[in-house]
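Containing compact mmCIF, C-alpha atoms and all ligand atoms: start17.txt.
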```txt
# COMPACT_ATOMS: atom_id res chain seq x y z
CA MET A 1 8.39 18.38 2.71
CA ASN A 2 11.95 19.08 3.80
CA GLN A 3 12.50 21.15 6.89
CA PHE A 4 15.34 23.63 7.06
CA ILE A 5 17.35 24.80 10.01
CA PRO A 6 17.68 28.59 10.12
CA ASN A 7 21.32 29.71 10.20
CA ALA A 8 20.44 31.66 13.32
CA TYR A 9 20.12 28.34 15.22
CA THR A 10 23.59 27.10 14.32
CA ASP A 11 24.98 30.56 15.13
CA LEU A 12 23.15 30.38 18.45
CA TYR A 13 24.75 27.00 19.13
CA ARG A 14 28.19 28.37 18.33
CA ASP A 15 27.63 31.19 20.81
CA SER A 16 26.08 29.02 23.53
CA PHE A 17 27.74 25.61 23.69
CA LEU A 18 30.02 24.67 26.57
CA ARG A 19 33.53 24.57 25.20
CA ASN A 20 35.33 22.64 27.90
CA LEU A 21 32.69 20.09 28.76
CA PRO A 22 34.38 16.71 29.29
CA TYR A 23 33.12 13.66 27.40
CA TRP A 24 33.04 11.53 30.55
CA LEU A 25 30.56 13.61 32.44
CA THR A 26 29.89 12.85 36.10
CA GLN A 27 27.04 14.21 38.16
CA ASP A 28 29.26 16.66 40.06
CA THR A 29 30.37 18.30 36.82
CA LEU A 30 26.84 18.29 35.42
CA TYR A 31 25.36 19.86 38.54
CA GLY A 32 28.13 22.47 38.58
CA TYR A 33 26.75 23.68 35.25
CA LEU A 34 23.09 23.28 36.22
CA ASP A 35 23.68 25.42 39.32
CA LYS A 36 24.56 28.31 37.02
CA LEU A 37 21.30 28.21 35.03
CA PRO A 38 19.15 31.33 35.52
CA ASP A 39 16.21 30.57 37.77
CA THR A 40 14.14 33.09 35.85
CA ILE A 41 13.85 30.48 33.07
CA PHE A 42 14.71 27.15 34.66
CA SER A 43 13.36 25.82 37.93
CA GLN A 44 15.08 22.83 39.48
CA GLU A 45 13.86 20.28 41.97
CA ASN A 46 14.93 16.94 43.32
CA ALA A 47 12.89 14.25 41.58
CA GLY A 48 14.23 11.35 43.66
CA TYR A 49 17.39 9.40 44.36
CA SER A 50 19.54 6.87 42.54
CA PHE A 51 20.31 3.45 44.03
CA GLU A 52 23.41 4.91 45.72
CA GLY A 53 21.53 7.95 46.98
CA ARG A 54 22.54 10.56 44.42
CA PRO A 55 19.76 13.13 44.01
CA VAL A 56 18.36 13.22 40.48
CA ARG A 57 17.22 16.62 39.29
CA LEU A 58 14.18 17.57 37.29
CA ILE A 59 14.55 20.86 35.44
CA ARG A 60 11.51 22.75 34.27
CA ALA A 61 11.11 25.57 31.78
CA GLY A 62 7.92 27.09 30.39
CA THR A 63 4.35 27.05 31.58
CA GLY A 64 2.45 25.75 28.57
CA LYS A 65 -0.35 23.22 28.46
CA THR A 66 1.63 20.74 26.35
CA THR A 67 4.15 18.79 28.41
CA VAL A 68 7.42 17.61 26.87
CA LEU A 69 9.66 15.26 28.86
CA LEU A 70 13.30 14.84 27.82
CA TRP A 71 15.50 12.35 29.66
CA SER A 72 19.09 11.33 29.02
CA GLN A 73 21.73 8.88 30.16
CA MET A 74 19.65 6.12 31.68
CA HIS A 75 22.75 4.25 30.52
CA GLY A 76 25.70 5.68 32.45
CA ASP A 77 28.22 5.31 29.62
CA GLU A 78 26.11 7.33 27.16
CA PRO A 79 26.98 10.97 27.88
CA THR A 80 26.53 12.62 24.47
CA THR A 81 22.91 13.64 24.85
CA THR A 82 23.40 14.93 28.39
CA ARG A 83 26.11 17.15 26.93
CA ALA A 84 23.67 18.18 24.18
CA LEU A 85 21.01 19.04 26.78
CA LEU A 86 23.47 21.32 28.58
CA ASP A 87 24.06 23.08 25.25
CA LEU A 88 20.32 23.27 24.68
CA PHE A 89 19.87 24.99 28.06
CA GLY A 90 22.45 27.56 26.97
CA MET A 91 20.63 28.07 23.65
CA ILE A 92 17.27 28.56 25.36
CA ASP A 93 18.80 30.94 27.89
CA ARG A 94 20.56 33.06 25.27
CA SER A 95 17.49 33.29 23.00
CA SER A 96 14.83 33.45 25.71
CA ARG A 97 13.70 36.93 24.62
CA THR A 98 13.10 35.97 20.99
CA PRO A 99 9.47 35.55 19.91
CA GLU A 100 10.14 31.92 18.97
CA VAL A 101 11.43 30.87 22.37
CA GLY A 102 8.80 33.08 24.01
CA LYS A 103 6.23 30.96 22.19
CA VAL A 104 7.99 27.74 23.26
CA LEU A 105 7.93 28.75 26.93
CA GLN A 106 4.32 29.89 26.68
CA SER A 107 2.97 26.83 24.82
CA LEU A 108 5.08 24.05 26.28
CA THR A 109 6.16 22.90 29.72
CA LEU A 110 9.62 21.45 29.20
CA LEU A 111 10.71 18.80 31.71
CA PHE A 112 14.31 17.67 31.60
CA ILE A 113 15.96 14.83 33.49
CA PRO A 114 19.59 14.94 32.39
CA MET A 115 21.53 11.93 33.62
CA LEU A 116 18.96 9.52 35.01
CA ASN A 117 21.66 7.08 36.02
CA PRO A 118 24.32 9.11 37.88
CA ASP A 119 25.74 5.98 39.58
CA GLY A 120 26.45 4.45 36.17
CA ALA A 121 27.86 7.76 34.90
CA GLU A 122 30.27 7.87 37.85
CA ARG A 123 31.68 4.50 36.70
CA PHE A 124 31.12 5.05 32.96
CA LYS A 125 28.97 1.88 32.96
CA ARG A 126 25.73 1.17 31.19
CA ARG A 127 23.83 -0.34 34.10
CA THR A 128 22.63 1.17 37.36
CA ALA A 129 24.54 0.51 40.59
CA SER A 130 22.15 -2.37 41.29
CA GLY A 131 23.42 -4.04 38.11
CA THR A 132 20.16 -3.45 36.25
CA ASP A 133 19.65 -2.21 32.72
CA MET A 134 16.99 0.34 33.60
CA ASN A 135 15.83 0.33 30.00
CA ARG A 136 14.43 -3.13 30.67
CA ASP A 137 12.78 -2.01 33.90
CA ALA A 138 9.93 0.17 32.64
CA VAL A 139 7.29 -2.40 33.58
CA VAL A 140 8.31 -4.00 36.88
CA LEU A 141 10.07 -0.83 38.12
CA ARG A 142 12.54 -2.50 40.48
CA THR A 143 15.12 0.31 40.24
CA PRO A 144 14.59 3.68 41.93
CA GLU A 145 15.73 5.36 38.70
CA ALA A 146 12.98 3.68 36.66
CA ARG A 147 10.36 4.50 39.31
CA LEU A 148 11.50 8.11 39.24
CA LEU A 149 11.14 8.40 35.45
CA LYS A 150 7.74 6.72 35.46
CA SER A 151 6.52 8.93 38.26
CA VAL A 152 7.58 12.15 36.51
CA ARG A 153 5.82 10.94 33.36
CA ASP A 154 2.66 10.15 35.29
CA THR A 155 2.68 13.33 37.39
CA PHE A 156 2.81 15.55 34.33
CA ASN A 157 1.05 13.14 31.99
CA ALA A 158 3.76 13.93 29.44
CA ASP A 159 2.41 14.54 25.95
CA TRP A 160 5.77 14.19 24.24
CA GLY A 161 8.94 12.26 25.12
CA PHE A 162 12.55 12.50 23.98
CA ASN A 163 14.42 9.32 24.95
CA LEU A 164 18.12 10.14 24.62
CA HIS A 165 20.94 7.62 24.22
CA ASP A 166 24.29 6.75 22.63
CA GLN A 167 24.50 3.73 20.37
CA GLU A 168 27.51 1.52 19.63
CA MET A 169 30.16 3.09 17.40
CA ARG A 170 29.65 0.43 14.76
CA HIS A 171 26.48 1.25 12.88
CA ALA A 172 26.11 2.36 9.29
CA ALA A 173 23.08 3.98 7.69
CA GLY A 174 21.82 0.85 5.93
CA VAL A 175 24.01 -0.28 3.05
CA THR A 176 24.87 3.28 2.02
CA LEU A 177 28.56 3.10 2.98
CA ARG A 178 27.88 6.01 5.33
CA PRO A 179 28.21 5.87 9.10
CA SER A 180 25.17 6.27 11.32
CA ALA A 181 25.84 9.52 13.17
CA ILE A 182 22.34 9.67 14.62
CA SER A 183 19.60 7.11 14.58
CA LEU A 184 15.98 7.80 15.33
CA LEU A 185 13.00 5.70 16.24
CA ALA A 186 9.35 6.23 17.01
CA PRO A 187 9.14 3.03 19.08
CA ALA A 188 6.37 0.49 18.63
CA PHE A 189 3.76 0.10 21.37
CA ASN A 190 2.89 -3.49 20.45
CA GLU A 191 4.36 -6.56 18.75
CA GLU A 192 2.40 -5.81 15.59
CA LYS A 193 4.08 -2.39 15.32
CA GLU A 194 0.72 -0.79 14.69
CA ILE A 195 0.46 2.95 14.20
CA ASN A 196 -2.18 4.63 16.35
CA GLU A 197 -2.63 8.36 16.80
CA ILE A 198 0.07 8.57 19.51
CA ARG A 199 2.73 6.71 17.56
CA GLY A 200 1.68 8.49 14.36
CA ASP A 201 2.43 11.81 16.07
CA ALA A 202 5.76 10.45 17.32
CA ILE A 203 6.63 9.40 13.76
CA ARG A 204 5.95 12.96 12.55
CA LEU A 205 8.23 14.33 15.26
CA ALA A 206 10.89 11.79 14.24
CA SER A 207 10.38 12.90 10.64
CA LEU A 208 11.07 16.50 11.63
CA LEU A 209 14.14 15.56 13.66
CA GLY A 210 15.35 13.36 10.80
CA SER A 211 15.11 16.25 8.32
CA TYR A 212 17.04 18.53 10.62
CA ALA A 213 19.71 15.96 11.39
CA GLN A 214 20.09 15.15 7.67
CA GLU A 215 20.80 18.77 6.99
CA LEU A 216 23.45 18.97 9.70
CA ILE A 217 25.15 15.60 9.00
CA PRO A 218 24.03 14.67 5.48
CA ASP A 219 23.33 11.01 4.66
CA CYS A 220 24.49 9.81 8.08
CA ILE A 221 21.06 9.49 9.70
CA SER A 222 19.32 6.15 10.12
CA ARG A 223 16.43 4.42 11.79
CA TYR A 224 16.97 2.33 14.90
CA ASP A 225 15.74 -1.26 15.08
CA ASP A 226 11.97 -1.07 15.59
CA THR A 227 11.48 -4.49 17.21
CA TYR A 228 9.00 -4.11 20.07
CA GLU A 229 10.52 -4.43 23.55
CA HIS A 230 7.77 -4.48 26.14
CA ARG A 231 10.16 -3.70 29.02
CA ALA A 232 11.90 -0.72 27.42
CA PHE A 233 11.02 2.87 28.28
CA GLY A 234 10.56 4.17 24.74
CA ASP A 235 8.10 1.44 23.84
CA SER A 236 6.34 1.74 27.20
CA MET A 237 6.06 5.53 27.02
CA GLN A 238 4.40 5.13 23.62
CA ARG A 239 2.03 2.54 25.14
CA TRP A 240 1.25 4.86 28.06
CA GLY A 241 0.29 7.65 25.66
CA THR A 242 3.46 9.79 25.58
CA ARG A 243 4.43 10.47 21.95
CA THR A 244 8.03 9.31 22.17
CA VAL A 245 11.05 9.55 19.92
CA LEU A 246 14.33 7.75 20.58
CA ILE A 247 17.47 9.65 19.59
CA GLU A 248 20.70 7.65 19.52
CA ALA A 249 24.02 9.44 19.21
CA GLY A 250 26.08 7.20 16.90
CA TYR A 251 29.52 8.00 15.53
CA PHE A 252 31.02 10.28 12.97
CA PRO A 253 34.48 9.22 11.74
CA LEU A 254 37.43 10.77 13.54
CA ASP A 255 35.18 12.51 16.07
CA ARG A 256 35.57 10.19 19.02
CA THR A 257 34.00 12.52 21.55
CA LYS A 258 31.07 13.08 19.17
CA GLU A 259 31.12 16.88 19.12
CA THR A 260 29.51 16.96 15.64
CA ILE A 261 26.69 14.76 16.84
CA ARG A 262 26.23 16.61 20.13
CA LYS A 263 25.77 19.83 18.16
CA ALA A 264 23.36 18.25 15.64
CA ILE A 265 21.22 16.84 18.46
CA ALA A 266 21.11 20.11 20.43
CA VAL A 267 20.23 22.17 17.34
CA SER A 268 17.68 19.63 16.06
CA ILE A 269 15.87 19.44 19.40
CA TYR A 270 15.86 23.24 19.71
CA ALA A 271 14.36 23.57 16.22
CA ALA A 272 11.85 20.78 16.94
CA LEU A 273 10.66 22.47 20.15
CA VAL A 274 9.96 25.65 18.14
CA LYS A 275 7.82 23.59 15.73
CA LEU A 276 6.11 21.68 18.55
CA ALA A 277 5.13 24.99 20.14
CA LYS A 278 3.51 25.98 16.85
CA ASN A 279 1.93 22.54 16.55
CA ASN A 280 3.48 22.31 13.12
CA LEU A 281 4.86 18.85 12.32
CA PRO A 282 5.55 17.36 8.87
CA ASP A 283 4.23 14.07 7.52
CA ALA A 284 6.02 10.74 7.94
CA ALA A 285 7.91 10.81 4.63
CA ALA A 286 11.34 11.92 5.89
CA TYR A 287 11.24 9.31 8.67
CA GLU A 288 10.14 6.53 6.36
CA ALA A 289 12.94 7.40 3.94
CA LEU A 290 15.63 6.75 6.58
CA PRO A 291 17.61 3.53 6.11
CA PHE A 292 17.71 1.13 9.03
CA ASN A 293 20.84 0.79 11.13
CA ARG A 294 23.20 -1.97 10.06
CA ARG A 295 26.26 -3.07 11.99
CA TYR A 296 28.42 -2.13 9.01
CA PHE A 297 30.71 0.52 10.45
CA CYS A 298 34.24 -0.18 11.65
CA GLU A 299 36.94 2.10 12.92
CA TYR A 300 39.56 0.13 10.99
CA ILE A 301 39.26 -2.07 7.95
CA LEU A 302 42.41 -3.89 6.90
CA ARG A 303 41.82 -5.15 3.39
CA ASN A 304 43.60 -8.09 1.79
CA VAL A 305 45.63 -8.87 4.86
CA SER A 306 47.28 -12.25 5.55
CA ILE A 307 45.44 -13.87 8.44
CA PHE A 308 46.83 -16.34 10.94
CA ILE A 309 44.93 -18.01 13.76
CA ASN A 310 47.30 -19.06 16.50
CA GLY A 311 50.10 -18.84 13.95
CA ILE A 312 48.35 -21.12 11.46
CA PRO A 313 47.73 -19.49 8.03
CA ALA A 314 44.07 -18.69 7.35
CA GLY A 315 44.37 -17.06 3.93
CA VAL A 316 44.01 -13.50 2.70
CA GLN A 317 40.94 -11.78 4.13
CA ASP A 318 39.53 -8.41 5.19
CA VAL A 319 39.43 -7.60 8.90
CA GLY A 320 36.97 -5.10 10.35
CA LEU A 321 37.72 -3.75 13.83
CA TYR A 322 35.25 -1.57 15.74
CA ILE A 323 35.93 0.54 18.82
CA THR A 324 34.14 0.91 22.16
CA PRO A 325 34.85 3.57 24.79
CA ALA A 326 35.98 2.41 28.22
CA ALA A 327 37.04 4.22 31.39
CA ASP A 328 40.50 4.44 32.91
CA PHE A 329 39.60 5.18 36.54
CA GLU A 330 43.09 6.15 37.67
CA LYS A 331 43.53 8.80 34.99
CA HIS A 332 39.80 9.52 34.82
CA GLU A 333 40.08 9.25 31.05
CA ILE A 334 38.29 7.48 28.27
CA TYR A 335 40.18 5.06 26.06
CA TYR A 336 38.92 2.84 23.26
CA THR A 337 39.05 -0.94 23.02
CA VAL A 338 39.17 -2.75 19.70
CA GLY A 339 36.77 -5.57 18.87
CA LEU A 340 36.32 -7.88 15.90
CA ALA A 341 33.39 -6.84 13.71
CA GLU A 342 34.08 -8.96 10.65
CA LEU A 343 36.64 -11.34 9.27
CA GLY A 344 36.27 -12.25 5.59
CA ASP A 345 34.46 -9.91 3.21
CA CYS A 346 34.15 -6.28 4.40
CA SER A 347 32.84 -4.88 1.12
CA THR A 348 29.58 -3.71 2.72
CA PHE A 349 31.44 -1.88 5.50
CA VAL A 350 32.46 1.74 5.86
CA SER A 351 35.24 2.83 8.20
CA SER A 352 37.21 5.73 9.56
CA TYR A 353 40.48 4.13 8.47
CA ASP A 354 40.32 2.00 5.36
CA ILE A 355 43.71 0.39 4.96
CA ASP A 356 45.28 -1.43 2.05
CA ALA A 357 47.00 -3.99 4.25
CA ALA A 358 48.56 -6.41 1.73
CA GLU A 359 51.92 -5.93 3.44
CA TYR A 360 50.58 -6.70 6.89
CA GLU A 361 49.75 -9.87 8.77
CA VAL A 362 47.21 -10.30 11.54
CA ASN A 363 47.68 -13.19 13.93
CA PHE A 364 44.70 -13.87 16.19
CA LEU A 365 45.57 -15.44 19.53
CA CYS A 366 42.88 -17.80 20.64
CA LEU A 367 44.67 -20.18 22.99
CA ASN A 368 42.02 -20.00 25.64
CA SER A 369 41.60 -23.77 26.05
CA GLY A 370 45.06 -24.34 27.50
CA ASP A 371 45.30 -27.26 25.07
CA ALA A 372 47.84 -26.25 22.45
CA SER A 373 47.12 -29.30 20.28
CA ALA A 374 43.55 -28.05 19.85
CA ALA A 375 44.77 -24.57 18.97
CA ARG A 376 43.77 -24.72 15.36
CA TRP A 377 40.13 -25.25 16.33
CA TRP A 378 39.89 -21.97 18.21
CA LEU A 379 38.55 -19.13 16.12
CA PRO A 380 38.57 -15.42 16.93
CA PRO A 381 35.30 -14.55 18.66
CA ALA A 382 33.23 -12.02 16.68
CA ASP A 383 31.80 -8.97 18.49
CA GLU A 384 34.38 -9.35 21.26
CA PRO A 385 37.56 -7.48 22.16
CA VAL A 386 40.38 -8.98 20.13
CA ASP A 387 43.66 -10.59 21.09
CA CYS A 388 45.89 -10.24 18.08
CA ASP A 389 49.21 -9.04 16.73
CA ILE A 390 49.37 -6.90 13.63
CA ARG A 391 52.75 -7.31 11.94
CA SER A 392 54.34 -5.38 9.14
CA SER A 393 55.61 -8.09 6.80
CA GLY A 394 58.07 -5.66 5.16
CA LYS A 395 61.61 -5.06 6.29
CA SER A 396 60.78 -3.59 9.66
CA GLY A 397 58.72 -6.52 10.92
CA ARG A 398 57.27 -4.29 13.61
CA VAL A 399 54.40 -5.68 15.67
CA LEU A 400 51.41 -3.98 17.23
CA ARG A 401 50.06 -6.02 20.14
CA ILE A 402 46.37 -5.85 21.00
CA ARG A 403 45.36 -7.71 24.16
CA LYS A 404 41.75 -7.99 25.30
CA GLY A 405 41.01 -5.18 22.87
CA VAL A 406 43.63 -2.80 24.27
CA ALA A 407 46.25 -1.79 21.71
CA GLU A 408 49.72 -0.79 22.92
CA SER A 409 49.57 2.20 20.56
CA LEU A 410 46.94 3.48 18.18
CA PRO A 411 46.62 1.30 15.08
CA GLU A 412 46.42 4.42 12.91
CA GLU A 413 49.83 5.43 14.24
CA PHE A 414 51.28 1.99 13.71
CA ILE A 415 50.13 1.49 10.14
CA GLU A 416 51.86 3.61 7.51
CA MET A 417 49.57 6.53 6.86
CA ASN A 418 49.96 6.44 3.09
CA ARG A 419 48.11 3.16 3.10
CA ILE A 420 45.05 4.70 4.69
CA THR A 421 42.34 5.85 2.33
CA ALA A 422 38.60 6.10 1.92
CA PHE A 423 36.34 7.80 4.42
CA ARG A 424 39.08 9.36 6.47
CA ASP A 425 40.59 11.11 3.45
CA LYS A 426 37.16 12.20 2.23
CA MET A 427 36.51 13.68 5.64
CA LEU A 428 39.83 15.47 5.77
CA ALA A 429 39.33 16.83 2.25
CA GLN A 430 36.07 18.53 3.23
ZN ZN B 501 21.19 3.57 25.90
```
Represent the structure from my file as structure tokens, please.
Amino acid sequence: MNQFIPNAYTDLYRDSFLRNLPYWLTQDTLYGYLDKLPDTIFSQENAGYSFEGRPVRLIRAGTGKTTVLLWSQMHGDEPTTTRALLDLFGMIDRSSRTPEVGKVLQSLTLLFIPMLNPDGAERFKRRTASGTDMNRDAVVLRTPEARLLKSVRDTFNADWGFNLHDQEMRHAAGVTLRPSAISLLAPAFNEEKEINEIRGDAIRLASLLGSYAQELIPDCISRYDDTYEHRAFGDSMQRWGTRTVLIEAGYFPLDRTKETIRKAIAVSIYAALVKLAKNNLPDAAAYEALPFNRRYFCEYILRNVSIFINGIPAGVQDVGLYITPAADFEKHEIYYTVGLAELGDCSTFVSSYDIDAAEYEVNFLCLNSGDASAARWWLPPADEPVDCDIRSSGKSGRVLRIRKGVAESLPEEFIEMNRITAFRDKMLAQ
């Protein structure tokens, strides 16, 4: 059965969300907001320290028997869900006197760890300051951040878990020619991907979240790869008996700071907590109907473009270029690097900017051997930042240089806008 989000929840979001919250969120900024939370609803304590000694806060709300643990940003360059949690705090605060939230705070104990990896967030890097991917540290627990998360789980014997991340900006919802704005997963607890009572419950929660997210960003919701990873926290939580759902903030075209997705995640979690408090979850159908993630989204697709590799003609092909956020430390700003997703046939791909590029040429520079005579044997590396020049083959002959993925101006500004079609125009028409 489909679940519907009451309009009151989206109104509540509109009235509660933090308007000037930066995308690159550091712990100082986060804690500035947390310090303002009312202690009548939220209690805060230090749950431990990061590798570099930053205190990591645990925030509690409610006194119910059922414990729900929500943690975000174990990967420092994945801020969207921490931003969504801040919005969620505002929503809970503003609606704390409603019967629904009264019931949530009475039935559930909510435990939040926003920004588990503050050292990584400071640098806008995935890994902890010790160089570890803490999402592969759930078993051996070498990092203080992983020990902290495990110890909070154990102390409260968390019944439910929300494992909050950002995924790469290059996933589509299956072969639907729709981007993956949010992907969900009820992780496996063993190689066989069996479904026991714990994972079955997690699937029903994912089903609920999937229905809500579908309503907020239609047809752009997918399922994350369900391969079992023994060392990962989601899979381990499920194994330890915490009914866990992974939520990955993906990408919605033209919304590079993911405000649409941040809102959908905050509202969906709020609505799901109301249902959890009533112990009212749907069956697995909505989750099972979600298409799996495919790496079929690009920021730019140049169709029918003349390709050169080190100046040597390589025929007419499609080029798919994806983007990845990176940090400029001097300006304390995020910029986006461009990588090669596909060269050849991009017919299964969807993009923000779909460009009829017959009057353009792309020359990939792959002279990394130092041996010019071997130049023709070097091919552009897929899934890596590109070195290339995009040239207008018309009168102007202008060139856009992209080096190590960094473009000297935005490709969408360089390419004549009347050649850009598809998803972008559909979005703008809405
Ligand atoms: Zn992550």
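Of the listed residues A:Ser351, A:Thr82, A:Leu111, A:Trp24, the one whose atoms come nearest to Ile59 (chain A) is A:Leu111, with distances taken using only C-alpha atoms.
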key: Using all atoms listed in the file: which of A:Ala407, A:Asn363, A:Asp35, A:Gly53 has the shortest distance to Gly311 (chain A)   = A:Asn363
task = Within 10 Å of region 207-217 of chain A, counting only C-alpha atoms, which residues show up once you throw out same-chain ones fewer than 5 positions away? Write them as number ranges by chain, please.
result = A: 1-5, 10, 180-186, 201-202, 222-223, 245, 247, 252, 260-261, 263-265, 267-272, 275-276, 280-290
task = Tell me, in Å to one decimal, how far CA of His230 (chain A) is from CA of Pro187 (chain A).
result = 10.4 Å
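You can rank A:Arg262, A:Lys36, A:Lys404, A:Arg204 by their closest distance to Asp93 (chain A) using all atoms listed in the file, and at the top of that list sits A:Lys36.
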Per residue of chain A within 12 Å of ligand ZN 501 (chain B), what are the shortest atom pair and its distance in Å to one decimal, counting all atoms listed in the file, with rows by chain and residue number, as CSV?
```
residue,atom,partner,partner_atom,distance
A:Trp71,CA,B:ZN501,ZN,11.1
A:Ser72,CA,B:ZN501,ZN,8.6
A:Gln73,CA,B:ZN501,ZN,6.8
A:Met74,CA,B:ZN501,ZN,6.5
A:His75,CA,B:ZN501,ZN,4.9
A:Gly76,CA,B:ZN501,ZN,8.2
A:Asp77,CA,B:ZN501,ZN,8.1
A:Glu78,CA,B:ZN501,ZN,6.3
A:Pro79,CA,B:ZN501,ZN,9.6
A:Thr80,CA,B:ZN501,ZN,10.6
A:Thr81,CA,B:ZN501,ZN,10.3
A:Thr82,CA,B:ZN501,ZN,11.8
A:Met115,CA,B:ZN501,ZN,11.4
A:Leu116,CA,B:ZN501,ZN,11.1
A:Asn117,CA,B:ZN501,ZN,10.7
A:Gly120,CA,B:ZN501,ZN,11.6
A:Ala121,CA,B:ZN501,ZN,12.0
A:Lys125,CA,B:ZN501,ZN,10.6
A:Arg126,CA,B:ZN501,ZN,7.4
A:Arg127,CA,B:ZN501,ZN,9.5
A:Thr128,CA,B:ZN501,ZN,11.8
A:Asp133,CA,B:ZN501,ZN,9.1
A:Met134,CA,B:ZN501,ZN,9.3
A:Asn135,CA,B:ZN501,ZN,7.5
A:Arg136,CA,B:ZN501,ZN,10.6
A:Asn163,CA,B:ZN501,ZN,8.9
A:Leu164,CA,B:ZN501,ZN,7.4
A:His165,CA,B:ZN501,ZN,4.4
A:Asp166,CA,B:ZN501,ZN,5.5
A:Gln167,CA,B:ZN501,ZN,6.4
A:Glu168,CA,B:ZN501,ZN,9.1
A:Ser183,CA,B:ZN501,ZN,12.0
A:Tyr224,CA,B:ZN501,ZN,11.8
A:Ala232,CA,B:ZN501,ZN,10.3
A:Phe233,CA,B:ZN501,ZN,10.5
A:Gly234,CA,B:ZN501,ZN,10.7
A:Leu246,CA,B:ZN501,ZN,9.6
A:Ile247,CA,B:ZN501,ZN,9.5
A:Glu248,CA,B:ZN501,ZN,7.6
A:Ala249,CA,B:ZN501,ZN,9.3
A:Gly250,CA,B:ZN501,ZN,10.9
```
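With all atoms listed in the file as the atoms that count, the minimum distance from Met169 (chain A) to the choices A:Ile92, A:Cys346, A:Ala341, A:Leu18 is reached by A:Ala341.
Our summary of the geometry notes that CA of Asp225 (chain A) is positioned 19.3 Å from CA of Val350 (chain A).
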Would you give the centre and edge lengths, in Å to one decimal, of a box along x, y and z around the listed atoms of region 400-405 of chain A, with 8 Å added to each side, as lines of an AutoDock Vina configuration file?
```
center_x = 46.2
center_y = -6.0
center_z = 21.3
size_x = 26.4
size_y = 20.0
size_z = 24.1
```
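Nearest residue to Leu34 (chain A), choosing from A:Ser16, A:Leu58, A:Val139, A:Glu330 and counting all atoms listed in the file: A:Leu58.
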ask   = Do you know which residues are at most 10 Å from region 62-64 of chain A counting all atoms listed in the file, after dropping those on the same chain fewer than 6 positions away, and could you put them as a list in words?
value = Ile41, Phe42, Ser43, Val101, Gly102, Lys103, Val104, Leu105, Gln106, Ser107, Leu108, Thr109, Leu110, Leu111 and Ala277 of chain A
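The closest residue to Pro22 (chain A), picked from A:Lys193, A:Arg178, A:His332, A:Arg295 and counting only C-alpha atoms, is A:His332.
In this structure, CA of Ala314 (chain A) sits 23.1 Å away from CA of Tyr353 (chain A).
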message = Using only C-alpha atoms, which protein or nucleic acid residues come within 10 Å of Ala357 (chain A)? Drop anything in the same chain fewer than 5 positions from it, and give the result as a PyMOL selection string.
response = chain A and resi 301-306+317-319+362+392-393+415-416+419-420
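Residue neighbourhood of Tyr322 (chain A), excluding near-sequence residues (fewer than 2 positions): Glu168, Met169, Arg170, His171, Arg295, Tyr296, Phe297, Cys298, Glu299, Tyr300, Ile301, Gly320, Thr324, Tyr336, Thr337, Val338, Gly339, Leu340, Ala341, Glu342, Ser351, Ser352, Asp383, Glu384, Pro385 and Gly405 of chain A, at 10 Å, using all atoms listed in the file.
Excluding region 145-159 of chain A itself and same-chain residues fewer than 3 positions from it, the residues having an atom within 7 Å of it are Ala47, Gly48, Ser50, Thr66, Thr67, Val68, Leu69, Leu116, Asn117, Met134, Asp137, Ala138, Leu141, Thr242 and Arg243 of chain A, counting only C-alpha atoms.
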